[in-house]
file work-v1.cif (mmCIF, C-alpha atoms)
data_coords
#
loop_
_atom_site.label_atom_id
_atom_site.label_comp_id
_atom_site.auth_asym_id
_atom_site.auth_seq_id
_atom_site.Cartn_x
_atom_site.Cartn_y
_atom_site.Cartn_z
CA MET R 157 18.66 -14.55 -2.30
CA ASN R 158 19.23 -11.06 -3.64
CA ASN R 159 16.44 -8.69 -4.56
CA ASP R 160 16.53 -9.32 -8.32
CA THR R 161 16.43 -13.10 -7.81
CA ARG R 162 13.51 -12.63 -5.41
CA ILE R 163 11.60 -10.50 -7.93
CA LYS R 164 12.24 -13.04 -10.67
CA ASP R 165 10.87 -15.76 -8.40
CA VAL R 166 7.71 -13.71 -7.74
CA MET R 167 7.29 -12.87 -11.45
CA ASP R 168 7.70 -16.58 -12.31
CA LYS R 169 4.79 -17.36 -10.00
CA ALA R 170 2.64 -14.61 -11.55
CA ILE R 171 3.45 -15.92 -15.04
CA ALA R 172 2.66 -19.52 -14.01
CA GLU R 173 -0.73 -18.41 -12.64
CA ALA R 174 -1.46 -16.44 -15.83
CA LYS R 175 -0.61 -19.43 -18.05
CA LYS R 176 -2.80 -21.74 -16.02
CA THR R 177 -5.91 -19.56 -16.30
CA MET R 178 -5.43 -18.24 -19.82
CA ASN R 179 -5.22 -21.80 -21.09
CA ALA R 180 -8.45 -22.67 -19.26
CA ASP R 181 -10.19 -19.63 -20.87
CA VAL R 182 -10.66 -18.01 -17.47
CA GLY R 183 -9.14 -14.72 -18.64
CA GLY R 184 -6.28 -12.96 -20.45
CA PRO R 185 -2.51 -13.52 -20.22
CA PHE R 186 -1.93 -11.48 -17.10
CA GLY R 187 -0.62 -12.42 -13.67
CA ALA R 188 0.19 -10.36 -10.59
CA ALA R 189 1.41 -10.71 -7.04
CA ILE R 190 1.46 -8.53 -3.94
CA ILE R 191 4.58 -8.81 -1.76
CA ASP R 192 5.20 -7.18 1.60
CA SER R 193 8.26 -5.10 2.50
CA ASN R 194 10.22 -8.29 3.29
CA GLY R 195 9.47 -9.71 -0.14
CA LYS R 196 7.00 -12.25 1.26
CA ILE R 197 4.16 -13.09 -1.13
CA ILE R 198 0.74 -12.09 0.19
CA SER R 199 -1.29 -12.93 -2.92
CA VAL R 200 -0.86 -14.23 -6.46
CA ALA R 201 -3.68 -13.88 -8.97
CA SER R 202 -4.49 -13.80 -12.65
CA ASN R 203 -7.13 -12.33 -14.93
CA SER R 204 -10.54 -14.00 -14.42
CA VAL R 205 -12.80 -11.66 -16.45
CA LEU R 206 -14.38 -14.43 -18.53
CA LYS R 207 -14.96 -16.98 -15.79
CA ASP R 208 -16.25 -14.45 -13.25
CA HIS R 209 -18.33 -12.39 -15.72
CA ASP R 210 -16.50 -9.47 -14.16
CA PRO R 211 -14.85 -6.80 -16.35
CA THR R 212 -12.95 -5.57 -13.28
CA ALA R 213 -11.30 -8.94 -12.57
CA HIS R 214 -7.83 -8.10 -13.91
CA ALA R 215 -4.86 -9.88 -12.34
CA GLU R 216 -3.76 -6.79 -10.39
CA MET R 217 -7.30 -6.12 -9.10
CA ASN R 218 -7.69 -9.73 -7.99
CA ALA R 219 -4.28 -9.67 -6.29
CA ILE R 220 -5.11 -6.40 -4.48
CA ARG R 221 -8.53 -7.72 -3.37
CA MET R 222 -7.02 -10.98 -2.10
CA ALA R 223 -4.31 -9.09 -0.21
CA GLY R 224 -6.86 -6.74 1.37
CA GLU R 225 -8.97 -9.69 2.46
CA LYS R 226 -5.95 -11.57 3.81
CA LEU R 227 -4.56 -8.60 5.74
CA GLY R 228 -8.00 -7.35 6.86
CA THR R 229 -7.48 -3.82 5.54
CA HIS R 230 -7.95 -1.74 2.40
CA ASP R 231 -4.57 -0.11 3.13
CA LEU R 232 -1.63 -1.98 1.58
CA THR R 233 1.00 0.58 2.57
CA GLY R 234 4.51 -0.92 2.31
CA CYS R 235 3.49 -3.56 -0.23
CA THR R 236 4.77 -3.87 -3.81
CA LEU R 237 2.76 -4.98 -6.82
CA VAL R 238 4.62 -7.29 -9.22
CA THR R 239 2.76 -7.70 -12.50
CA THR R 240 3.38 -9.20 -15.93
CA ALA R 241 2.25 -5.96 -17.61
CA TYR R 242 2.09 -2.23 -16.87
CA PRO R 243 -1.22 -1.76 -15.00
CA CYS R 244 -4.10 -0.33 -17.06
CA PRO R 245 -5.68 2.89 -15.69
CA MET R 246 -8.19 0.84 -13.69
CA CYS R 247 -5.45 -1.19 -12.01
CA LEU R 248 -3.16 1.85 -11.62
CA GLY R 249 -6.01 3.65 -9.86
CA ALA R 250 -6.59 0.67 -7.58
CA THR R 251 -2.86 0.58 -6.79
CA ILE R 252 -2.85 4.22 -5.69
CA TRP R 253 -6.10 3.81 -3.72
CA ALA R 254 -4.43 0.86 -1.94
CA ASN R 255 -1.46 3.10 -1.00
CA ILE R 256 0.98 0.83 -2.82
CA LYS R 257 4.05 2.92 -3.73
CA HIS R 258 6.00 0.57 -5.98
CA VAL R 259 5.00 -1.42 -9.05
CA ILE R 260 7.33 -3.79 -10.90
CA TYR R 261 5.95 -4.64 -14.33
CA GLY R 262 7.06 -6.73 -17.33
CA CYS R 263 5.29 -5.74 -20.57
CA ARG R 264 4.35 -2.21 -21.67
CA PRO R 265 0.86 -0.90 -22.56
CA LYS R 266 1.86 -1.00 -26.25
CA ASP R 267 2.79 -4.68 -25.86
CA ALA R 268 -0.74 -5.38 -24.53
CA GLU R 269 -2.18 -3.41 -27.45
CA ALA R 270 -0.18 -5.58 -29.86
CA ILE R 271 -2.10 -8.65 -28.61
CA GLY R 272 -5.49 -6.89 -28.76
CA PHE R 273 -6.00 -5.25 -25.36
CA ARG R 274 -7.15 -1.67 -24.79
CA ASP R 275 -4.86 -0.61 -21.92
CA ASP R 276 -3.05 1.95 -24.04
CA PHE R 277 -6.30 3.19 -25.58
CA ILE R 278 -7.72 3.93 -22.11
CA TYR R 279 -4.55 5.86 -21.19
CA ARG R 280 -4.93 7.92 -24.37
CA PHE R 281 -8.63 8.49 -23.62
CA ILE R 282 -7.77 9.87 -20.16
CA ARG R 283 -4.98 12.00 -21.61
CA ASP R 284 -7.42 13.43 -24.20
CA ASP R 285 -5.17 12.03 -26.87
CA TYR R 286 -7.81 10.03 -28.71
CA PRO R 287 -9.99 11.35 -31.51
CA ASP R 288 -13.07 9.13 -31.02
CA LYS R 289 -14.68 10.58 -27.90
CA LYS R 290 -17.86 8.66 -28.72
CA VAL R 291 -16.37 5.53 -27.19
CA LEU R 292 -17.59 6.98 -23.90
CA VAL R 293 -19.74 10.05 -23.31
CA LEU R 294 -19.83 11.56 -19.81
CA THR R 295 -22.78 13.83 -19.02
CA GLU R 296 -23.13 15.94 -15.87
CA LYS R 297 -26.61 15.97 -14.29
CA LEU R 298 -28.06 16.66 -10.82
CA ARG R 299 -24.77 18.01 -9.44
CA GLU R 300 -26.44 20.12 -6.75
CA GLN R 301 -28.32 17.13 -5.39
CA CYS R 302 -25.12 15.06 -5.29
CA LEU R 303 -23.21 17.93 -3.65
CA ASP R 304 -25.76 17.76 -0.80
CA LEU R 305 -24.64 14.16 -0.25
CA PHE R 306 -20.98 15.26 -0.14
CA GLN R 307 -21.90 18.02 2.33
CA GLU R 308 -23.63 15.51 4.60
CA TYR R 309 -20.45 13.41 4.50
CA LYS R 310 -18.26 16.43 5.19
CA ASN R 311 -20.22 17.15 8.35
CA LYS R 312 -19.87 13.69 9.82
CA GLU R 313 -17.10 11.95 11.77
CA LYS R 314 -15.23 9.59 9.46
CA THR R 315 -12.05 8.04 8.13
CA ILE R 316 -10.86 9.23 4.72
CA TYR R 317 -9.87 6.38 2.39
CA MET M 159 -42.03 9.24 -17.39
CA ASN M 160 -39.59 11.23 -19.50
CA ASN M 161 -35.88 10.54 -19.62
CA ASP M 162 -34.82 13.26 -17.16
CA THR M 163 -37.41 12.15 -14.60
CA ARG M 164 -36.19 8.58 -15.03
CA ILE M 165 -32.56 9.57 -14.50
CA LYS M 166 -33.52 11.58 -11.40
CA ASP M 167 -35.30 8.52 -10.03
CA VAL M 168 -32.21 6.35 -10.63
CA MET M 169 -29.89 8.98 -9.11
CA ASP M 170 -32.19 9.21 -6.06
CA LYS M 171 -31.76 5.47 -5.53
CA ALA M 172 -27.96 5.74 -5.88
CA ILE M 173 -27.91 8.60 -3.35
CA ALA M 174 -30.14 6.69 -0.93
CA GLU M 175 -27.80 3.68 -1.11
CA ALA M 176 -24.75 5.93 -0.56
CA LYS M 177 -26.33 7.58 2.51
CA LYS M 178 -27.26 4.25 4.01
CA THR M 179 -23.73 2.82 3.81
CA MET M 180 -21.73 5.99 4.51
CA ASN M 181 -23.65 6.40 7.75
CA ALA M 182 -22.88 2.82 8.73
CA ASP M 183 -19.13 3.44 8.04
CA VAL M 184 -19.17 0.91 5.23
CA GLY M 185 -17.56 3.35 2.79
CA GLY M 186 -17.52 6.86 1.28
CA PRO M 187 -20.43 9.03 0.05
CA PHE M 188 -20.73 7.46 -3.38
CA GLY M 189 -23.58 5.60 -5.03
CA ALA M 190 -24.03 4.20 -8.53
CA ALA M 191 -26.49 2.29 -10.67
CA ILE M 192 -26.37 0.42 -13.97
CA ILE M 193 -29.43 0.75 -16.18
CA ASP M 194 -30.15 -1.02 -19.44
CA SER M 195 -31.15 0.64 -22.70
CA ASN M 196 -34.79 0.78 -21.55
CA GLY M 197 -33.84 2.58 -18.34
CA LYS M 198 -34.47 -0.51 -16.23
CA ILE M 199 -32.20 -0.75 -13.18
CA ILE M 200 -29.88 -3.76 -13.24
CA SER M 201 -27.85 -2.91 -10.13
CA VAL M 202 -27.54 -0.24 -7.44
CA ALA M 203 -24.46 -0.13 -5.22
CA SER M 204 -22.39 2.08 -2.98
CA ASN M 205 -18.81 2.33 -1.79
CA SER M 206 -17.88 -0.54 0.55
CA VAL M 207 -14.10 -0.08 0.83
CA LEU M 208 -14.04 -0.07 4.64
CA LYS M 209 -16.42 -2.94 5.30
CA ASP M 210 -14.97 -5.20 2.59
CA HIS M 211 -11.29 -4.33 3.24
CA ASP M 212 -11.22 -3.77 -0.50
CA PRO M 213 -9.66 -0.60 -1.96
CA THR M 214 -11.33 -1.41 -5.29
CA ALA M 215 -14.88 -1.49 -3.86
CA HIS M 216 -16.02 1.88 -5.19
CA ALA M 217 -19.73 2.31 -5.92
CA GLU M 218 -19.24 2.13 -9.69
CA MET M 219 -17.05 -0.98 -9.43
CA ASN M 220 -19.58 -2.71 -7.19
CA ALA M 221 -22.45 -1.76 -9.53
CA ILE M 222 -20.53 -3.03 -12.59
CA ARG M 223 -19.60 -6.28 -10.85
CA MET M 224 -23.19 -6.86 -9.69
CA ALA M 225 -24.52 -6.18 -13.19
CA GLY M 226 -21.99 -8.59 -14.75
CA GLU M 227 -22.97 -11.28 -12.29
CA LYS M 228 -26.70 -10.66 -12.85
CA LEU M 229 -26.47 -10.66 -16.64
CA GLY M 230 -23.90 -13.50 -16.76
CA THR M 231 -21.40 -11.55 -18.88
CA HIS M 232 -18.48 -9.15 -18.56
CA ASP M 233 -19.90 -7.22 -21.53
CA LEU M 234 -22.38 -4.49 -20.50
CA THR M 235 -22.82 -3.06 -24.01
CA GLY M 236 -25.96 -0.87 -24.17
CA CYS M 237 -25.97 -0.12 -20.44
CA THR M 238 -25.55 3.30 -18.84
CA LEU M 239 -23.73 4.04 -15.58
CA VAL M 240 -25.45 6.60 -13.34
CA THR M 241 -23.19 7.75 -10.53
CA THR M 242 -23.16 10.43 -7.83
CA ALA M 243 -19.65 11.52 -8.87
CA TYR M 244 -17.43 11.55 -11.97
CA PRO M 245 -15.74 8.12 -11.97
CA CYS M 246 -12.12 8.02 -10.77
CA PRO M 247 -9.58 6.58 -13.26
CA MET M 248 -10.10 3.09 -11.78
CA CYS M 249 -13.87 3.26 -12.29
CA LEU M 250 -13.55 4.99 -15.68
CA GLY M 251 -11.26 2.17 -16.79
CA ALA M 252 -13.74 -0.43 -15.56
CA THR M 253 -16.53 1.37 -17.44
CA ILE M 254 -14.62 1.21 -20.72
CA TRP M 255 -13.59 -2.42 -20.16
CA ALA M 256 -17.31 -3.19 -19.59
CA ASN M 257 -18.14 -1.57 -22.97
CA ILE M 258 -20.46 0.95 -21.31
CA LYS M 259 -20.72 3.99 -23.62
CA HIS M 260 -22.58 6.51 -21.46
CA VAL M 261 -21.97 7.78 -17.94
CA ILE M 262 -24.27 10.23 -16.13
CA TYR M 263 -22.53 11.73 -13.12
CA GLY M 264 -23.36 14.30 -10.43
CA CYS M 265 -20.27 15.74 -8.70
CA ARG M 266 -16.93 16.57 -10.35
CA PRO M 267 -13.45 15.20 -9.44
CA LYS M 268 -12.66 18.56 -7.80
CA ASP M 269 -15.81 18.22 -5.65
CA ALA M 270 -14.53 14.85 -4.40
CA GLU M 271 -11.13 16.42 -3.72
CA ALA M 272 -12.85 19.09 -1.63
CA ILE M 273 -14.10 16.39 0.76
CA GLY M 274 -10.73 14.61 0.91
CA PHE M 275 -10.71 12.06 -1.93
CA ARG M 276 -7.88 11.53 -4.42
CA ASP M 277 -9.85 11.09 -7.66
CA ASP M 278 -8.51 14.29 -9.16
CA PHE M 279 -4.99 13.56 -7.95
CA ILE M 280 -5.00 10.20 -9.76
CA TYR M 281 -6.17 11.92 -12.97
CA ARG M 282 -3.29 14.39 -12.65
CA PHE M 283 -0.84 11.55 -11.97
CA ILE M 284 -1.92 9.78 -15.19
CA ARG M 285 -1.75 13.04 -17.15
CA ASP M 286 1.80 13.64 -15.81
CA ASP M 287 0.54 16.83 -14.26
CA TYR M 288 1.69 16.14 -10.73
CA PRO M 289 5.12 17.01 -9.36
CA ASP M 290 5.47 14.28 -6.71
CA LYS M 291 6.16 11.17 -8.78
CA LYS M 292 7.30 9.39 -5.61
CA VAL M 293 3.68 8.66 -4.72
CA LEU M 294 4.07 5.70 -7.06
CA VAL M 295 7.20 4.41 -8.78
CA LEU M 296 6.82 2.03 -11.73
CA THR M 297 9.87 -0.06 -12.64
CA GLU M 298 10.19 -2.23 -15.73
CA LYS M 299 11.81 -5.64 -15.18
CA LEU M 300 11.79 -9.02 -16.95
CA ARG M 301 9.97 -7.70 -20.04
CA GLU M 302 11.33 -10.39 -22.37
CA GLN M 303 10.05 -13.14 -20.09
CA CYS M 304 6.60 -11.52 -19.93
CA LEU M 305 6.55 -10.99 -23.71
CA ASP M 306 6.93 -14.79 -24.06
CA LEU M 307 3.66 -15.10 -22.14
CA PHE M 308 1.97 -12.62 -24.51
CA GLN M 309 3.34 -14.57 -27.49
CA GLU M 310 1.91 -17.81 -26.14
CA TYR M 311 -1.46 -16.05 -25.82
CA LYS M 312 -1.20 -14.61 -29.33
CA ASN M 313 -0.74 -18.09 -30.75
CA LYS M 314 -3.81 -19.59 -29.10
CA GLU M 315 -7.54 -19.56 -29.98
CA LYS M 316 -9.32 -17.05 -27.75
CA THR M 317 -11.82 -14.26 -27.19
CA ILE M 318 -10.42 -10.76 -26.76
CA TYR M 319 -11.96 -8.92 -23.81
#
call {"tool": "encode", "arguments": {"input": "work-v1.cif", "output": "structure tokens"}}
result
Amino acid sequence: MNNDTRIKDVMDKAIAEAKKTMNADVGGPFGAAIIDSNGKIISVASNSVLKDHDPTAHAEMNAIRMAGEKLGTHDLTGCTLVTTAYPCPMCLGATIWANIKHVIYGCRPKDAEAIGFRDDFIYRFIRDDYPDKKVLVLTEKLREQCLDLFQEYKNKEKTIY
Amino acid sequence: MNNDTRIKDVMDKAIAEAKKTMNADVGGPFGAAIIDSNGKIISVASNSVLKDHDPTAHAEMNAIRMAGEKLGTHDLTGCTLVTTAYPCPMCLGATIWANIKHVIYGCRPKDAEAIGFRDDFIYRFIRDDYPDKKVLVLTEKLREQCLDLFQEYKNKEKTIY
């Protein structure tokens, strides 16, 4: 099986999972899988925001969490994320934190916007390319006190992750 | 108790939670709380990436997930996120998905960078302000097939979230 056939097989599984849950009103039309460097599937998941009462439960997040649990590490170096849509900033952030270096996606952020999702809006918010800043106001307070916490961390033995 | 005293009290609790777990090697020096519109604490959490083998288990994510579970909804409209550091793009995305409109933060992304964390790097990656694109490669494949999934969703009765 060549690489493209393998990816299509993985994407088919992500799509099947997405269809199953979206039609049960578990969450939106999004599916994702994590595969290792040999193309072996570690996890397949879909959006479960509604069922789990969890705004973070996007398909990619669920797939990353399942893979971390399965492999016993937060570090998914060498893995690839296959997802039905370009990850939103939350999922893109999670992908980088997980040390995943390759994402294969189907739909674009604008495609998700066309069916009512805010992925592209959040990208524009982060890029300061959105006029209505009132959607989210960020206020700095008590920085000195929080810097003391960072200093305490800096002084201790630890792993950076 | 005025508003500033209340926020200091909430931040103190977030810092205390962060110290407790960072010193047990559960996760990094980050704490967060969700409060409702009356200033009542709904959840307090800290980073548990290492203990949970979960790269998504930042303090803000854990606090949002706990609040969603407690309130029985993914929609945290009216709540405020109080956090020891400016949310990374993952946590900022989660905040917007949760419909939270106000974040009070202590340290800045550059402060987190100074103690070894990649929050600021991920912001620069999203803003296309980082030279090394190889940290993460995103490849579009099978878009038409994934658009069929979106179309199926578009045609069905549903809640947008």
call {"tool": "resolve_selection", "arguments": {"input": "work-v1.cif", "expression": "the PyMOL selection byres ((chain M) within 6 of (chain R))", "output": "PyMOL selection string"}}
result
chain M and resi 211-214+223+226-227+230-232+242+247-248+251-252+255-256+259-265+285+293-301+304
call {"tool": "atom_distance", "arguments": {"input": "work-v1.cif", "atom1": "atom CA of M:Cys237", "atom2": "atom CA of M:Asn161"}}
result
14.6 Å
call {"tool": "calpha_fit_and_write", "arguments": {"input": "work-v1.cif", "fixed": "chain M", "moving": "chain R", "output": "short mmCIF file (atom, residue, chain, number, x, y, z; two decimals) with C-alpha atoms, keeping the file's coordinate frame"}}
result
data_model
loop_
_atom_site.label_atom_id
_atom_site.label_comp_id
_atom_site.auth_asym_id
_atom_site.auth_seq_id
_atom_site.Cartn_x
_atom_site.Cartn_y
_atom_site.Cartn_z
CA MET R 157 -42.02 9.24 -17.36
CA ASN R 158 -39.59 11.23 -19.47
CA ASN R 159 -35.88 10.54 -19.60
CA ASP R 160 -34.82 13.27 -17.16
CA THR R 161 -37.41 12.15 -14.59
CA ARG R 162 -36.19 8.57 -15.03
CA ILE R 163 -32.56 9.58 -14.49
CA LYS R 164 -33.50 11.57 -11.41
CA ASP R 165 -35.30 8.51 -10.04
CA VAL R 166 -32.20 6.35 -10.63
CA MET R 167 -29.88 8.98 -9.10
CA ASP R 168 -32.19 9.21 -6.06
CA LYS R 169 -31.76 5.48 -5.53
CA ALA R 170 -27.96 5.73 -5.87
CA ILE R 171 -27.91 8.61 -3.36
CA ALA R 172 -30.15 6.69 -0.92
CA GLU R 173 -27.80 3.68 -1.10
CA ALA R 174 -24.76 5.93 -0.56
CA LYS R 175 -26.34 7.59 2.50
CA LYS R 176 -27.24 4.25 4.01
CA THR R 177 -23.71 2.84 3.81
CA MET R 178 -21.74 6.00 4.52
CA ASN R 179 -23.66 6.43 7.75
CA ALA R 180 -22.88 2.83 8.73
CA ASP R 181 -19.14 3.45 8.04
CA VAL R 182 -19.17 0.91 5.22
CA GLY R 183 -17.55 3.35 2.79
CA GLY R 184 -17.52 6.86 1.29
CA PRO R 185 -20.41 9.03 0.05
CA PHE R 186 -20.73 7.46 -3.37
CA GLY R 187 -23.58 5.59 -5.04
CA ALA R 188 -24.02 4.20 -8.54
CA ALA R 189 -26.48 2.30 -10.67
CA ILE R 190 -26.36 0.42 -13.96
CA ILE R 191 -29.44 0.77 -16.19
CA ASP R 192 -30.15 -1.03 -19.44
CA SER R 193 -31.15 0.66 -22.71
CA ASN R 194 -34.80 0.77 -21.56
CA GLY R 195 -33.84 2.57 -18.37
CA LYS R 196 -34.45 -0.52 -16.23
CA ILE R 197 -32.19 -0.74 -13.18
CA ILE R 198 -29.88 -3.75 -13.24
CA SER R 199 -27.84 -2.90 -10.13
CA VAL R 200 -27.52 -0.23 -7.45
CA ALA R 201 -24.46 -0.13 -5.22
CA SER R 202 -22.39 2.08 -2.98
CA ASN R 203 -18.81 2.33 -1.78
CA SER R 204 -17.89 -0.55 0.57
CA VAL R 205 -14.09 -0.09 0.84
CA LEU R 206 -14.02 -0.06 4.64
CA LYS R 207 -16.41 -2.93 5.30
CA ASP R 208 -14.97 -5.19 2.60
CA HIS R 209 -11.29 -4.33 3.23
CA ASP R 210 -11.22 -3.78 -0.51
CA PRO R 211 -9.67 -0.61 -1.99
CA THR R 212 -11.35 -1.44 -5.31
CA ALA R 213 -14.88 -1.50 -3.86
CA HIS R 214 -16.03 1.88 -5.18
CA ALA R 215 -19.74 2.32 -5.91
CA GLU R 216 -19.24 2.14 -9.69
CA MET R 217 -17.05 -0.98 -9.43
CA ASN R 218 -19.58 -2.71 -7.19
CA ALA R 219 -22.44 -1.75 -9.53
CA ILE R 220 -20.52 -3.04 -12.58
CA ARG R 221 -19.62 -6.32 -10.81
CA MET R 222 -23.22 -6.87 -9.68
CA ALA R 223 -24.51 -6.18 -13.19
CA GLY R 224 -21.99 -8.57 -14.74
CA GLU R 225 -22.98 -11.28 -12.28
CA LYS R 226 -26.69 -10.66 -12.84
CA LEU R 227 -26.45 -10.66 -16.63
CA GLY R 228 -23.88 -13.49 -16.76
CA THR R 229 -21.39 -11.54 -18.88
CA HIS R 230 -18.47 -9.14 -18.56
CA ASP R 231 -19.90 -7.21 -21.53
CA LEU R 232 -22.37 -4.49 -20.51
CA THR R 233 -22.82 -3.07 -24.01
CA GLY R 234 -25.95 -0.87 -24.18
CA CYS R 235 -25.96 -0.12 -20.45
CA THR R 236 -25.54 3.30 -18.83
CA LEU R 237 -23.73 4.03 -15.58
CA VAL R 238 -25.45 6.60 -13.35
CA THR R 239 -23.18 7.76 -10.53
CA THR R 240 -23.16 10.43 -7.84
CA ALA R 241 -19.65 11.53 -8.89
CA TYR R 242 -17.44 11.55 -11.98
CA PRO R 243 -15.76 8.10 -11.98
CA CYS R 244 -12.14 8.03 -10.77
CA PRO R 245 -9.59 6.57 -13.25
CA MET R 246 -10.11 3.09 -11.78
CA CYS R 247 -13.87 3.25 -12.29
CA LEU R 248 -13.54 4.99 -15.68
CA GLY R 249 -11.26 2.17 -16.79
CA ALA R 250 -13.73 -0.43 -15.57
CA THR R 251 -16.52 1.38 -17.44
CA ILE R 252 -14.62 1.22 -20.73
CA TRP R 253 -13.59 -2.41 -20.16
CA ALA R 254 -17.30 -3.18 -19.60
CA ASN R 255 -18.15 -1.56 -22.97
CA ILE R 256 -20.45 0.96 -21.30
CA LYS R 257 -20.71 4.00 -23.62
CA HIS R 258 -22.58 6.50 -21.46
CA VAL R 259 -21.97 7.78 -17.94
CA ILE R 260 -24.26 10.23 -16.14
CA TYR R 261 -22.52 11.73 -13.12
CA GLY R 262 -23.37 14.29 -10.42
CA CYS R 263 -20.27 15.73 -8.71
CA ARG R 264 -16.93 16.57 -10.35
CA PRO R 265 -13.47 15.21 -9.43
CA LYS R 266 -12.68 18.57 -7.79
CA ASP R 267 -15.82 18.22 -5.65
CA ALA R 268 -14.54 14.83 -4.41
CA GLU R 269 -11.15 16.42 -3.72
CA ALA R 270 -12.86 19.11 -1.64
CA ILE R 271 -14.11 16.39 0.75
CA GLY R 272 -10.73 14.62 0.90
CA PHE R 273 -10.72 12.07 -1.92
CA ARG R 274 -7.89 11.54 -4.41
CA ASP R 275 -9.85 11.09 -7.66
CA ASP R 276 -8.50 14.29 -9.16
CA PHE R 277 -4.98 13.55 -7.94
CA ILE R 278 -4.99 10.19 -9.76
CA TYR R 279 -6.17 11.91 -12.97
CA ARG R 280 -3.30 14.39 -12.65
CA PHE R 281 -0.84 11.55 -11.97
CA ILE R 282 -1.91 9.78 -15.19
CA ARG R 283 -1.75 13.05 -17.13
CA ASP R 284 1.81 13.64 -15.81
CA ASP R 285 0.53 16.83 -14.26
CA TYR R 286 1.69 16.13 -10.73
CA PRO R 287 5.09 17.03 -9.32
CA ASP R 288 5.44 14.28 -6.69
CA LYS R 289 6.15 11.18 -8.77
CA LYS R 290 7.30 9.39 -5.62
CA VAL R 291 3.69 8.66 -4.72
CA LEU R 292 4.08 5.69 -7.06
CA VAL R 293 7.21 4.41 -8.78
CA LEU R 294 6.82 2.03 -11.73
CA THR R 295 9.88 -0.05 -12.63
CA GLU R 296 10.19 -2.24 -15.74
CA LYS R 297 11.81 -5.65 -15.19
CA LEU R 298 11.78 -9.04 -16.96
CA ARG R 299 9.97 -7.69 -20.04
CA GLU R 300 11.32 -10.39 -22.36
CA GLN R 301 10.05 -13.15 -20.11
CA CYS R 302 6.60 -11.53 -19.93
CA LEU R 303 6.56 -10.99 -23.71
CA ASP R 304 6.94 -14.78 -24.07
CA LEU R 305 3.66 -15.11 -22.15
CA PHE R 306 1.97 -12.63 -24.51
CA GLN R 307 3.34 -14.56 -27.50
CA GLU R 308 1.91 -17.81 -26.15
CA TYR R 309 -1.46 -16.06 -25.83
CA LYS R 310 -1.20 -14.61 -29.33
CA ASN R 311 -0.75 -18.10 -30.75
CA LYS R 312 -3.81 -19.58 -29.11
CA GLU R 313 -7.52 -19.55 -29.99
CA LYS R 314 -9.31 -17.05 -27.77
CA THR R 315 -11.83 -14.29 -27.20
CA ILE R 316 -10.44 -10.78 -26.75
CA TYR R 317 -11.98 -8.92 -23.79
#
call {"tool": "closest_residue", "arguments": {"input": "work-v1.cif", "among": "M:Asp287, M:Glu271, M:Asp167, M:Asp278", "to": "M:Ile199", "atoms": "all atoms listed in the file"}}
result
M:Asp167
call {"tool": "atom_distance", "arguments": {"input": "work-v1.cif", "atom1": "atom CA of R:Pro265", "atom2": "atom CA of R:Ile190"}}
result
20.1 Å
call {"tool": "atom_distance", "arguments": {"input": "work-v1.cif", "atom1": "atom CA of M:Glu218", "atom2": "atom CA of M:Ser204"}}
result
7.4 Å
call {"tool": "closest_residue", "arguments": {"input": "work-v1.cif", "among": "R:Tyr286, R:Arg162, R:Glu173, R:Ala215", "to": "R:Lys196", "atoms": "all atoms listed in the file"}}
result
R:Arg162
